[in-house]
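Only one structure is covered here, and it is reproduced in the block below.
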Amino acid sequence: MPTGVIRPMWGAWVALLAATCLHVAADTVLESFDGFHGTGSHVEAQSSWPTAGWHHSEQRRNQGDARVPNLEQGAPGKRARFRQTSEKNGPIFVAELCRHGDRTPISVFPTDPWPIPTWKWGPGQLTPIGEAAQYNLGEILRNRYQPPWPMNYTLHAVRARSTDVDRCLMSAESQLAGIFPPGSGTPHALPYEWQAVPVHTAPIGYDALLRAFDHAHCPRYDQIMARRKEGKAFQTMEKEHKDFLEHVGKLAGMKISLSNLYIVSDAMVCERAHGRAWATGLTEEVFVKAVNLSDWTLAQMFAPGPEERTPHELARLTAGNLVQRIKELMLMAANGNDTVPMFQLFSAHDTTVTALLSALNAFDGVSPPYNSTVMFELWEKNLGDDGANDDFHVVAYYNWKRIVLPGCQEESHCRLGDFVQGIEPIAVESEVAWAAECQVLDTSHSDGVSHITTMFVGLVTFAVGVLSTYLFPKLLAAWRSRAQYIKMEDVPEINLQATVHEGTGAV
C-alpha cells in the first residue's frame, strides 16, 4: 500500500481511539458559525407561508373538503399510526429544520448610523417581528398536521432541539407557542393555560448536530475552508470584484473582502426590515450586489469542490450527523417505536439550512430567509385491505416547495428504502465516527501539515480527553482529600501537663 495512504490511516486509527475514549469517559457524545460567512444575509426579511391543506389533489377528489385524514388509534400504549386504505393518506412523522426569525445585526461597520446600542434588544437577538413570524409558523403547522398531532402537549408528541443561541432558542419557543397556543395547557397551571414545552440544546462549539461546521474540534473542515479561500475560484472572485469591495470598504470605514462583506449586507438587511436608513453612499445597487456576493460566499462553505478527498466529504462533515438523525427517527417511526415524537423541531441558522440543502443537492444558491424551513414527512400507505404490505414514503419541502431527495427520481413520494440508500454516502453512522473523520487531515498538499501532525492531533485529543474527563477529577479529589487528612505519625507528641492553664485546669 502506498505510504501516502498508510500515513493518514494511522492518524485515523489514533483519532478514532481518542474519540472512543472521550465517548466512554464522559458517557456522552459531543453534539451541538455561522462560519467565515457569519450568519449570512438575505433580501427577504420574512417568508410567506401557504395555508393550503396538506392532501394531494387525488385525496381532495376522494375526500371532498376533508382537511385531514382519519386516524385510527392503536392499542393502549402504542404509537398512533395512520392505517389507510387507498382513500386515506397522511404522515406518521414530521421533522422540521427551521431558521430563526428576524433578528438584530450581530455586528456593524464603523460608519453605520445605527450602532449596536441603538438596537434595544442587543446584538443578534430575535425581534418582536421574528417572534410573531415564528408563532404564526407554529399556527400553520398546527392546522396542517392536527390530527395526528394531539391538541395538547405530550412527551411523544413534539420534541425540540435548538442551537445554544438566544434567537434560535426563542424562535423554537415562539413556534411551539403557536403549535400549543394559550388554552392548550393544563388548567390552573400557568396563566391563560399556556403550555410550556422543553427545548433541548448543546453548548456552542460542541454542537455536532446543528453547528458541525462551527465545532471546536473539526480541524479537517477548517483545513478545507482555508484551502478553498486560497483556491482559484475564491481568488478569482476576489479579483473580479476588487473595485466593488474597495468601494464598499471606503463607505463602511473598514477593509472589506468576500469573507467579511456579510457584515455590511447583513446590517443593511436588518435596517431595511426595521425601516432604518442606510449609511451614506450605500445604495440599492450596492445592496443587491453585496447580498449576491454574500450568498456566493455562503455557498462556498458547503459546496463540493476539489479540496475534498471524496465527493461527499464536506457534506458528511457539515450535515452528516443531522441527516443520520433524521434517518434514524424515520426508521424508528416506521417500525412503530413509541418513543419517537410525531414532530421533531430543529431550530438553527441559515448556515445549518444551507448545509443540509447542499448535502441533499437542493440548495438554490440564495441564503435562506428568516423562518425558512426544510420539512420531512414520512407517510405510510397500506396497499392491502388486510393491513399488510405497508409502504413508507418520504416527502421533503424547502419553504413548502417540494425537493427531489437523493436516491429518488421525482418530487413526489420517495420510498423510504430509496431515501435511506440515497443518503448513505452522506449520513455519518455516529458522532464518534464523525469526530474521527474531523481529525484526519489531508497531507497530499504541501501546506505544512504532515502525517506526524495528524497523529499528534489525535494523541493530544486522547490525552486531553482522558485528563479532563477522568484522571484530572480523580487527582484533584485525591489532592483535596490529602490536604484535609493528617497522618497521626506526622503529629508531634502532646504534653498534656504543659497544656494545663494555671488557675483554670482547662485542657
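The chains in the C-alpha cells are called A, B, ... from first to last as shown; in each chain the residues are counted from 1, and the ligands are counted from 1 in the order shown.
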
I need the helix (DSSP H, G or I) residues of stretch 158-269 of chain A per DSSP on the backbone, written as a PDB file with N, CA and C atoms, in the first residue's frame.
```
ATOM      1  N   ASP A 166     -29.504  32.568  21.587  1.00  0.00           N
ATOM      2  CA  ASP A 166     -30.772  33.126  22.054  1.00  0.00           C
ATOM      3  C   ASP A 166     -31.843  33.176  20.980  1.00  0.00           C
ATOM      4  N   ARG A 167     -31.486  33.676  19.797  1.00  0.00           N
ATOM      5  CA  ARG A 167     -32.504  33.863  18.765  1.00  0.00           C
ATOM      6  C   ARG A 167     -33.099  32.537  18.295  1.00  0.00           C
ATOM      7  N   CYS A 168     -32.304  31.476  18.346  1.00  0.00           N
ATOM      8  CA  CYS A 168     -32.811  30.163  17.947  1.00  0.00           C
ATOM      9  C   CYS A 168     -33.650  29.538  19.054  1.00  0.00           C
ATOM     10  N   LEU A 169     -33.215  29.675  20.285  1.00  0.00           N
ATOM     11  CA  LEU A 169     -33.997  29.178  21.411  1.00  0.00           C
ATOM     12  C   LEU A 169     -35.345  29.887  21.488  1.00  0.00           C
ATOM     13  N   MET A 170     -35.334  31.205  21.312  1.00  0.00           N
ATOM     14  CA  MET A 170     -36.578  31.969  21.363  1.00  0.00           C
ATOM     15  C   MET A 170     -37.471  31.676  20.165  1.00  0.00           C
ATOM     16  N   SER A 171     -36.872  31.421  19.012  1.00  0.00           N
ATOM     17  CA  SER A 171     -37.662  31.065  17.838  1.00  0.00           C
ATOM     18  C   SER A 171     -38.372  29.732  18.064  1.00  0.00           C
ATOM     19  N   ALA A 172     -37.654  28.772  18.634  1.00  0.00           N
ATOM     20  CA  ALA A 172     -38.269  27.475  18.932  1.00  0.00           C
ATOM     21  C   ALA A 172     -39.419  27.645  19.916  1.00  0.00           C
ATOM     22  N   GLU A 173     -39.201  28.447  20.939  1.00  0.00           N
ATOM     23  CA  GLU A 173     -40.255  28.667  21.933  1.00  0.00           C
ATOM     24  C   GLU A 173     -41.461  29.371  21.324  1.00  0.00           C
ATOM     25  N   SER A 174     -41.207  30.324  20.450  1.00  0.00           N
ATOM     26  CA  SER A 174     -42.302  31.058  19.800  1.00  0.00           C
ATOM     27  C   SER A 174     -43.094  30.136  18.879  1.00  0.00           C
ATOM     28  N   GLN A 175     -42.385  29.309  18.124  1.00  0.00           N
ATOM     29  CA  GLN A 175     -43.073  28.385  17.221  1.00  0.00           C
ATOM     30  C   GLN A 175     -43.898  27.367  18.006  1.00  0.00           C
ATOM     31  N   LEU A 176     -43.338  26.861  19.092  1.00  0.00           N
ATOM     32  CA  LEU A 176     -44.051  25.897  19.917  1.00  0.00           C
ATOM     33  C   LEU A 176     -45.276  26.523  20.575  1.00  0.00           C
ATOM     34  N   ALA A 177     -45.196  27.824  20.881  1.00  0.00           N
ATOM     35  CA  ALA A 177     -46.352  28.518  21.433  1.00  0.00           C
ATOM     36  C   ALA A 177     -47.478  28.606  20.409  1.00  0.00           C
ATOM     37  N   GLY A 178     -47.102  28.645  19.117  1.00  0.00           N
ATOM     38  CA  GLY A 178     -48.121  28.625  18.076  1.00  0.00           C
ATOM     39  C   GLY A 178     -48.730  27.251  17.890  1.00  0.00           C
ATOM     40  N   ILE A 179     -47.915  26.226  18.083  1.00  0.00           N
ATOM     41  CA  ILE A 179     -48.414  24.849  17.977  1.00  0.00           C
ATOM     42  C   ILE A 179     -49.321  24.522  19.154  1.00  0.00           C
ATOM     43  N   PRO A 191     -50.753  30.872  33.723  1.00  0.00           N
ATOM     44  CA  PRO A 191     -51.764  31.841  33.268  1.00  0.00           C
ATOM     45  C   PRO A 191     -52.170  31.578  31.821  1.00  0.00           C
ATOM     46  N   TYR A 192     -53.440  31.779  31.545  1.00  0.00           N
ATOM     47  CA  TYR A 192     -54.008  31.594  30.206  1.00  0.00           C
ATOM     48  C   TYR A 192     -53.874  30.162  29.704  1.00  0.00           C
ATOM     49  N   GLU A 193     -53.630  29.241  30.656  1.00  0.00           N
ATOM     50  CA  GLU A 193     -53.443  27.826  30.297  1.00  0.00           C
ATOM     51  C   GLU A 193     -52.381  27.688  29.204  1.00  0.00           C
ATOM     52  N   ALA A 212     -22.156  21.652  13.125  1.00  0.00           N
ATOM     53  CA  ALA A 212     -20.949  20.847  12.959  1.00  0.00           C
ATOM     54  C   ALA A 212     -19.829  21.650  12.312  1.00  0.00           C
ATOM     55  N   PHE A 213     -20.177  22.574  11.431  1.00  0.00           N
ATOM     56  CA  PHE A 213     -19.191  23.394  10.728  1.00  0.00           C
ATOM     57  C   PHE A 213     -18.558  24.434  11.639  1.00  0.00           C
ATOM     58  N   ASP A 214     -19.104  24.597  12.836  1.00  0.00           N
ATOM     59  CA  ASP A 214     -18.573  25.561  13.801  1.00  0.00           C
ATOM     60  C   ASP A 214     -18.040  24.845  15.028  1.00  0.00           C
ATOM     61  N   PRO A 219     -10.760  19.997  12.800  1.00  0.00           N
ATOM     62  CA  PRO A 219      -9.705  20.659  12.023  1.00  0.00           C
ATOM     63  C   PRO A 219      -9.774  20.351  10.532  1.00  0.00           C
ATOM     64  N   ARG A 220     -10.359  19.211  10.160  1.00  0.00           N
ATOM     65  CA  ARG A 220     -10.432  18.887   8.737  1.00  0.00           C
ATOM     66  C   ARG A 220     -11.321  19.877   7.992  1.00  0.00           C
ATOM     67  N   TYR A 221     -12.461  20.252   8.595  1.00  0.00           N
ATOM     68  CA  TYR A 221     -13.307  21.255   7.951  1.00  0.00           C
ATOM     69  C   TYR A 221     -12.575  22.585   7.840  1.00  0.00           C
ATOM     70  N   ASP A 222     -11.866  22.965   8.895  1.00  0.00           N
ATOM     71  CA  ASP A 222     -11.100  24.212   8.856  1.00  0.00           C
ATOM     72  C   ASP A 222     -10.045  24.163   7.756  1.00  0.00           C
ATOM     73  N   GLN A 223      -9.442  22.997   7.571  1.00  0.00           N
ATOM     74  CA  GLN A 223      -8.425  22.853   6.526  1.00  0.00           C
ATOM     75  C   GLN A 223      -9.039  23.032   5.141  1.00  0.00           C
ATOM     76  N   ILE A 224     -10.218  22.432   4.936  1.00  0.00           N
ATOM     77  CA  ILE A 224     -10.896  22.565   3.639  1.00  0.00           C
ATOM     78  C   ILE A 224     -11.244  24.022   3.363  1.00  0.00           C
ATOM     79  N   MET A 225     -11.744  24.724   4.368  1.00  0.00           N
ATOM     80  CA  MET A 225     -12.127  26.122   4.175  1.00  0.00           C
ATOM     81  C   MET A 225     -10.908  27.001   3.915  1.00  0.00           C
ATOM     82  N   ALA A 226      -9.820  26.731   4.620  1.00  0.00           N
ATOM     83  CA  ALA A 226      -8.599  27.522   4.408  1.00  0.00           C
ATOM     84  C   ALA A 226      -8.089  27.338   2.980  1.00  0.00           C
ATOM     85  N   ARG A 227      -8.097  26.125   2.489  1.00  0.00           N
ATOM     86  CA  ARG A 227      -7.648  25.868   1.127  1.00  0.00           C
ATOM     87  C   ARG A 227      -8.615  26.462   0.105  1.00  0.00           C
ATOM     88  N   ARG A 228      -9.902  26.423   0.422  1.00  0.00           N
ATOM     89  CA  ARG A 228     -10.886  26.967  -0.514  1.00  0.00           C
ATOM     90  C   ARG A 228     -10.714  28.474  -0.664  1.00  0.00           C
ATOM     91  N   LYS A 229     -10.463  29.173   0.433  1.00  0.00           N
ATOM     92  CA  LYS A 229     -10.275  30.620   0.372  1.00  0.00           C
ATOM     93  C   LYS A 229      -8.997  30.984  -0.380  1.00  0.00           C
ATOM     94  N   GLU A 230      -8.043  30.067  -0.392  1.00  0.00           N
ATOM     95  CA  GLU A 230      -6.809  30.303  -1.128  1.00  0.00           C
ATOM     96  C   GLU A 230      -6.874  29.749  -2.551  1.00  0.00           C
ATOM     97  N   LYS A 232      -8.449  28.812  -6.506  1.00  0.00           N
ATOM     98  CA  LYS A 232      -8.607  29.606  -7.720  1.00  0.00           C
ATOM     99  C   LYS A 232      -9.959  30.306  -7.785  1.00  0.00           C
ATOM    100  N   ALA A 233     -11.046  29.588  -7.464  1.00  0.00           N
ATOM    101  CA  ALA A 233     -12.386  30.167  -7.586  1.00  0.00           C
ATOM    102  C   ALA A 233     -12.555  31.364  -6.660  1.00  0.00           C
ATOM    103  N   PHE A 234     -12.115  31.209  -5.419  1.00  0.00           N
ATOM    104  CA  PHE A 234     -12.267  32.295  -4.449  1.00  0.00           C
ATOM    105  C   PHE A 234     -11.403  33.489  -4.816  1.00  0.00           C
ATOM    106  N   GLN A 235     -10.167  33.215  -5.190  1.00  0.00           N
ATOM    107  CA  GLN A 235      -9.250  34.303  -5.531  1.00  0.00           C
ATOM    108  C   GLN A 235      -9.687  35.020  -6.808  1.00  0.00           C
ATOM    109  N   THR A 236     -10.233  34.261  -7.761  1.00  0.00           N
ATOM    110  CA  THR A 236     -10.739  34.877  -8.991  1.00  0.00           C
ATOM    111  C   THR A 236     -11.911  35.795  -8.691  1.00  0.00           C
ATOM    112  N   MET A 237     -12.779  35.349  -7.808  1.00  0.00           N
ATOM    113  CA  MET A 237     -13.941  36.164  -7.429  1.00  0.00           C
ATOM    114  C   MET A 237     -13.483  37.440  -6.726  1.00  0.00           C
ATOM    115  N   GLU A 238     -12.488  37.318  -5.880  1.00  0.00           N
ATOM    116  CA  GLU A 238     -11.954  38.494  -5.182  1.00  0.00           C
ATOM    117  C   GLU A 238     -11.407  39.509  -6.195  1.00  0.00           C
ATOM    118  N   LYS A 239     -10.659  39.037  -7.190  1.00  0.00           N
ATOM    119  CA  LYS A 239     -10.072  39.937  -8.186  1.00  0.00           C
ATOM    120  C   LYS A 239     -11.141  40.584  -9.059  1.00  0.00           C
ATOM    121  N   GLU A 240     -12.141  39.796  -9.460  1.00  0.00           N
ATOM    122  CA  GLU A 240     -13.192  40.325 -10.329  1.00  0.00           C
ATOM    123  C   GLU A 240     -13.981  41.450  -9.659  1.00  0.00           C
ATOM    124  N   LYS A 242     -12.800  43.333  -7.038  1.00  0.00           N
ATOM    125  CA  LYS A 242     -11.882  44.116  -6.209  1.00  0.00           C
ATOM    126  C   LYS A 242     -12.327  45.561  -6.079  1.00  0.00           C
ATOM    127  N   ASP A 243     -12.686  46.193  -7.187  1.00  0.00           N
ATOM    128  CA  ASP A 243     -13.094  47.601  -7.154  1.00  0.00           C
ATOM    129  C   ASP A 243     -14.351  47.786  -6.310  1.00  0.00           C
ATOM    130  N   PHE A 244     -15.295  46.872  -6.446  1.00  0.00           N
ATOM    131  CA  PHE A 244     -16.526  46.974  -5.664  1.00  0.00           C
ATOM    132  C   PHE A 244     -16.236  46.802  -4.178  1.00  0.00           C
ATOM    133  N   LEU A 245     -15.409  45.837  -3.828  1.00  0.00           N
ATOM    134  CA  LEU A 245     -15.083  45.600  -2.423  1.00  0.00           C
ATOM    135  C   LEU A 245     -14.351  46.796  -1.824  1.00  0.00           C
ATOM    136  N   GLU A 246     -13.452  47.413  -2.597  1.00  0.00           N
ATOM    137  CA  GLU A 246     -12.753  48.606  -2.099  1.00  0.00           C
ATOM    138  C   GLU A 246     -13.730  49.767  -1.929  1.00  0.00           C
ATOM    139  N   HIS A 247     -14.673  49.889  -2.862  1.00  0.00           N
ATOM    140  CA  HIS A 247     -15.681  50.952  -2.779  1.00  0.00           C
ATOM    141  C   HIS A 247     -16.542  50.790  -1.524  1.00  0.00           C
ATOM    142  N   VAL A 248     -16.996  49.577  -1.279  1.00  0.00           N
ATOM    143  CA  VAL A 248     -17.802  49.318  -0.077  1.00  0.00           C
ATOM    144  C   VAL A 248     -16.970  49.537   1.179  1.00  0.00           C
ATOM    145  N   GLY A 249     -15.693  49.171   1.108  1.00  0.00           N
ATOM    146  CA  GLY A 249     -14.813  49.371   2.257  1.00  0.00           C
ATOM    147  C   GLY A 249     -14.673  50.841   2.629  1.00  0.00           C
ATOM    148  N   LYS A 250     -14.566  51.716   1.623  1.00  0.00           N
ATOM    149  CA  LYS A 250     -14.475  53.156   1.904  1.00  0.00           C
ATOM    150  C   LYS A 250     -15.765  53.681   2.523  1.00  0.00           C
ATOM    151  N   LEU A 251     -16.895  53.190   2.010  1.00  0.00           N
ATOM    152  CA  LEU A 251     -18.184  53.627   2.561  1.00  0.00           C
ATOM    153  C   LEU A 251     -18.396  53.105   3.982  1.00  0.00           C
ATOM    154  N   ALA A 252     -17.888  51.899   4.241  1.00  0.00           N
ATOM    155  CA  ALA A 252     -18.098  51.272   5.557  1.00  0.00           C
ATOM    156  C   ALA A 252     -17.040  51.668   6.568  1.00  0.00           C
ATOM    157  N   TYR A 262     -20.350  40.220   4.429  1.00  0.00           N
ATOM    158  CA  TYR A 262     -21.655  39.973   5.053  1.00  0.00           C
ATOM    159  C   TYR A 262     -21.950  40.957   6.190  1.00  0.00           C
ATOM    160  N   ILE A 263     -20.908  41.520   6.799  1.00  0.00           N
ATOM    161  CA  ILE A 263     -21.143  42.476   7.891  1.00  0.00           C
ATOM    162  C   ILE A 263     -21.951  43.660   7.375  1.00  0.00           C
ATOM    163  N   VAL A 264     -21.612  44.117   6.180  1.00  0.00           N
ATOM    164  CA  VAL A 264     -22.322  45.243   5.577  1.00  0.00           C
ATOM    165  C   VAL A 264     -23.692  44.818   5.064  1.00  0.00           C
ATOM    166  N   SER A 265     -23.737  43.729   4.296  1.00  0.00           N
ATOM    167  CA  SER A 265     -25.016  43.300   3.721  1.00  0.00           C
ATOM    168  C   SER A 265     -26.013  42.896   4.796  1.00  0.00           C
ATOM    169  N   ASP A 266     -25.533  42.238   5.843  1.00  0.00           N
ATOM    170  CA  ASP A 266     -26.438  41.809   6.912  1.00  0.00           C
ATOM    171  C   ASP A 266     -27.010  43.004   7.667  1.00  0.00           C
ATOM    172  N   ALA A 267     -26.158  43.990   7.962  1.00  0.00           N
ATOM    173  CA  ALA A 267     -26.649  45.181   8.650  1.00  0.00           C
ATOM    174  C   ALA A 267     -27.692  45.903   7.801  1.00  0.00           C
ATOM    175  N   MET A 268     -27.471  45.950   6.486  1.00  0.00           N
ATOM    176  CA  MET A 268     -28.432  46.603   5.589  1.00  0.00           C
ATOM    177  C   MET A 268     -29.768  45.848   5.562  1.00  0.00           C
ATOM    178  N   VAL A 269     -29.698  44.518   5.604  1.00  0.00           N
ATOM    179  CA  VAL A 269     -30.925  43.714   5.649  1.00  0.00           C
ATOM    180  C   VAL A 269     -31.720  44.029   6.911  1.00  0.00           C
TER     181      VAL A 269
END
```

Find the spatial neighbours of A:Pro181, counting only C-alpha atoms, within a cut-off of 9 Å - ignore same-chain residues fewer than 6 positions away - and output them as a compact mmCIF listing (two decimals) with N, CA, C and O atoms, in the first residue's frame.
```txt
# COMPACT_ATOMS: atom_id res chain seq x y z
N TYR A 135 -44.35 32.39 15.70
CA TYR A 135 -45.64 31.99 16.29
C TYR A 135 -46.64 31.66 15.18
O TYR A 135 -47.36 30.66 15.25
N GLY A 138 -45.93 28.34 13.75
CA GLY A 138 -46.44 27.28 14.62
C GLY A 138 -47.93 27.05 14.42
O GLY A 138 -48.40 25.91 14.40
N GLU A 139 -48.68 28.14 14.25
CA GLU A 139 -50.12 28.00 14.00
C GLU A 139 -50.39 27.27 12.69
O GLU A 139 -51.30 26.43 12.60
N GLU A 193 -53.63 29.24 30.66
CA GLU A 193 -53.44 27.83 30.30
C GLU A 193 -52.38 27.69 29.20
O GLU A 193 -52.52 26.94 28.25
N TRP A 194 -51.30 28.45 29.37
CA TRP A 194 -50.17 28.38 28.44
C TRP A 194 -49.43 27.07 28.66
O TRP A 194 -49.26 26.62 29.80
N GLN A 195 -48.96 26.45 27.58
CA GLN A 195 -48.28 25.17 27.66
C GLN A 195 -46.78 25.35 27.51
O GLN A 195 -46.29 25.81 26.47
```

Within 10 Å of stretch 401-409 of chain A: each stretch 317-387 of chain A residue with its shortest pair, only C-alpha atoms, as a tab-separated table:
```
residue	atom	partner	partner_atom	distance
A:Leu357	CA	A:Ile403	CA	9.5
A:Ala359	CA	A:Pro406	CA	9.2
A:Leu360	CA	A:Pro406	CA	6.2
A:Asn361	CA	A:Pro406	CA	7.7
A:Ala362	CA	A:Ile403	CA	6.7
A:Phe363	CA	A:Ile403	CA	9.6
A:Val374	CA	A:Lys401	CA	9.3
A:Met375	CA	A:Arg402	CA	9.2
A:Phe376	CA	A:Arg402	CA	9.9
```

Keeping only N, CA, C and O atoms, write the selected residues to a file as a PDB file, in the first residue's frame.
```
ATOM      1  N   LEU A 357     -29.322  21.514   2.860  1.00  0.00           N
ATOM      2  CA  LEU A 357     -29.754  21.568   1.464  1.00  0.00           C
ATOM      3  C   LEU A 357     -28.605  21.218   0.518  1.00  0.00           C
ATOM      4  O   LEU A 357     -28.798  20.519  -0.488  1.00  0.00           O
ATOM      5  N   ALA A 359     -26.053  19.295   1.187  1.00  0.00           N
ATOM      6  CA  ALA A 359     -25.812  17.860   1.301  1.00  0.00           C
ATOM      7  C   ALA A 359     -26.827  17.061   0.492  1.00  0.00           C
ATOM      8  O   ALA A 359     -26.512  16.003  -0.057  1.00  0.00           O
ATOM      9  N   LEU A 360     -28.065  17.579   0.411  1.00  0.00           N
ATOM     10  CA  LEU A 360     -29.125  16.917  -0.342  1.00  0.00           C
ATOM     11  C   LEU A 360     -29.126  17.327  -1.809  1.00  0.00           C
ATOM     12  O   LEU A 360     -30.016  16.930  -2.566  1.00  0.00           O
ATOM     13  N   ASN A 361     -28.157  18.155  -2.201  1.00  0.00           N
ATOM     14  CA  ASN A 361     -28.060  18.677  -3.563  1.00  0.00           C
ATOM     15  C   ASN A 361     -29.318  19.452  -3.942  1.00  0.00           C
ATOM     16  O   ASN A 361     -29.827  19.341  -5.061  1.00  0.00           O
ATOM     17  N   ALA A 362     -29.824  20.256  -3.004  1.00  0.00           N
ATOM     18  CA  ALA A 362     -31.063  21.003  -3.233  1.00  0.00           C
ATOM     19  C   ALA A 362     -30.917  22.490  -2.942  1.00  0.00           C
ATOM     20  O   ALA A 362     -31.923  23.211  -2.902  1.00  0.00           O
ATOM     21  N   PHE A 363     -29.697  22.964  -2.734  1.00  0.00           N
ATOM     22  CA  PHE A 363     -29.503  24.376  -2.425  1.00  0.00           C
ATOM     23  C   PHE A 363     -29.560  25.195  -3.706  1.00  0.00           C
ATOM     24  O   PHE A 363     -28.927  24.849  -4.706  1.00  0.00           O
ATOM     25  N   VAL A 374     -37.002  23.427   6.207  1.00  0.00           N
ATOM     26  CA  VAL A 374     -36.870  22.198   5.427  1.00  0.00           C
ATOM     27  C   VAL A 374     -37.707  21.166   6.167  1.00  0.00           C
ATOM     28  O   VAL A 374     -37.431  20.848   7.326  1.00  0.00           O
ATOM     29  N   MET A 375     -38.754  20.678   5.505  1.00  0.00           N
ATOM     30  CA  MET A 375     -39.701  19.752   6.131  1.00  0.00           C
ATOM     31  C   MET A 375     -39.517  18.355   5.547  1.00  0.00           C
ATOM     32  O   MET A 375     -39.366  18.191   4.332  1.00  0.00           O
ATOM     33  N   PHE A 376     -39.531  17.368   6.418  1.00  0.00           N
ATOM     34  CA  PHE A 376     -39.509  15.963   6.007  1.00  0.00           C
ATOM     35  C   PHE A 376     -40.765  15.295   6.554  1.00  0.00           C
ATOM     36  O   PHE A 376     -41.002  15.318   7.770  1.00  0.00           O
TER      37      PHE A 376
END
```

Show which residues sit within 12 Å of A:Asn292, as a compact mmCIF listing (two decimals) with N, CA and C atoms, in the first residue's frame. Count only C-alpha atoms, and ignore same-chain residues fewer than 4 positions away.
```
# COMPACT_ATOMS: atom_id res chain seq x y z
N GLY A 40 -24.92 35.01 7.55
CA GLY A 40 -25.47 35.12 6.20
C GLY A 40 -26.33 36.34 6.04
N SER A 41 -26.68 36.61 4.80
CA SER A 41 -27.56 37.72 4.53
C SER A 41 -28.62 37.27 3.56
N HIS A 42 -29.65 38.05 3.42
CA HIS A 42 -30.73 37.67 2.56
C HIS A 42 -31.53 38.91 2.20
N VAL A 43 -32.24 38.86 1.10
CA VAL A 43 -33.00 40.01 0.66
C VAL A 43 -34.33 40.09 1.37
N HIS A 241 -14.11 41.36 -8.36
CA HIS A 241 -14.92 42.36 -7.64
C HIS A 241 -14.07 43.22 -6.71
N LEU A 258 -14.36 39.38 0.48
CA LEU A 258 -15.51 38.47 0.36
C LEU A 258 -15.84 37.80 1.68
N LEU A 261 -17.73 40.68 3.85
CA LEU A 261 -18.72 41.55 3.22
C LEU A 261 -20.09 41.40 3.87
N TYR A 262 -20.35 40.22 4.43
CA TYR A 262 -21.66 39.97 5.05
C TYR A 262 -21.95 40.96 6.19
N SER A 265 -23.74 43.73 4.30
CA SER A 265 -25.02 43.30 3.72
C SER A 265 -26.01 42.90 4.80
N ASP A 266 -25.53 42.24 5.84
CA ASP A 266 -26.44 41.81 6.91
C ASP A 266 -27.01 43.00 7.67
N GLU A 285 -28.32 49.56 -5.42
CA GLU A 285 -27.41 48.81 -6.29
C GLU A 285 -26.31 48.14 -5.49
N VAL A 286 -25.73 48.88 -4.54
CA VAL A 286 -24.70 48.31 -3.67
C VAL A 286 -25.29 47.17 -2.85
N PHE A 287 -26.48 47.38 -2.35
CA PHE A 287 -27.13 46.37 -1.51
C PHE A 287 -27.33 45.06 -2.26
N VAL A 288 -27.89 45.13 -3.45
CA VAL A 288 -28.17 43.92 -4.22
C VAL A 288 -26.88 43.17 -4.53
N TRP A 296 -22.98 33.99 -2.46
CA TRP A 296 -21.98 33.14 -3.09
C TRP A 296 -20.97 32.64 -2.06
N THR A 297 -20.57 33.53 -1.16
CA THR A 297 -19.61 33.14 -0.12
C THR A 297 -20.20 32.10 0.80
N LEU A 298 -21.47 32.27 1.15
CA LEU A 298 -22.15 31.28 1.99
C LEU A 298 -22.14 29.91 1.31
N ALA A 299 -22.42 29.88 0.03
CA ALA A 299 -22.46 28.61 -0.69
C ALA A 299 -21.11 27.91 -0.66
N GLY A 365 -28.59 28.40 -4.06
CA GLY A 365 -27.60 29.45 -4.12
C GLY A 365 -28.00 30.74 -3.45
N VAL A 366 -29.20 30.80 -2.88
CA VAL A 366 -29.69 32.00 -2.21
C VAL A 366 -29.76 31.74 -0.71
N SER A 367 -29.20 32.64 0.08
CA SER A 367 -29.21 32.48 1.53
C SER A 367 -30.64 32.32 2.03
```

> Closest to A:Leu356 among A:Trp434, A:Trp149, A:Phe302, A:Phe180, using only C-alpha atoms?
Replying inline: A:Phe302

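Distance check against A:Leu155 using only C-alpha atoms: of A:Gly101, A:Pro203, A:Gly185, A:Pro198, the minimum falls on A:Pro198.
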
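The smallest atom-to-atom distance between A:Val432 and any of A:Ala189, A:Leu282, A:Leu209, A:Leu141, using only C-alpha atoms, is found for A:Leu209.
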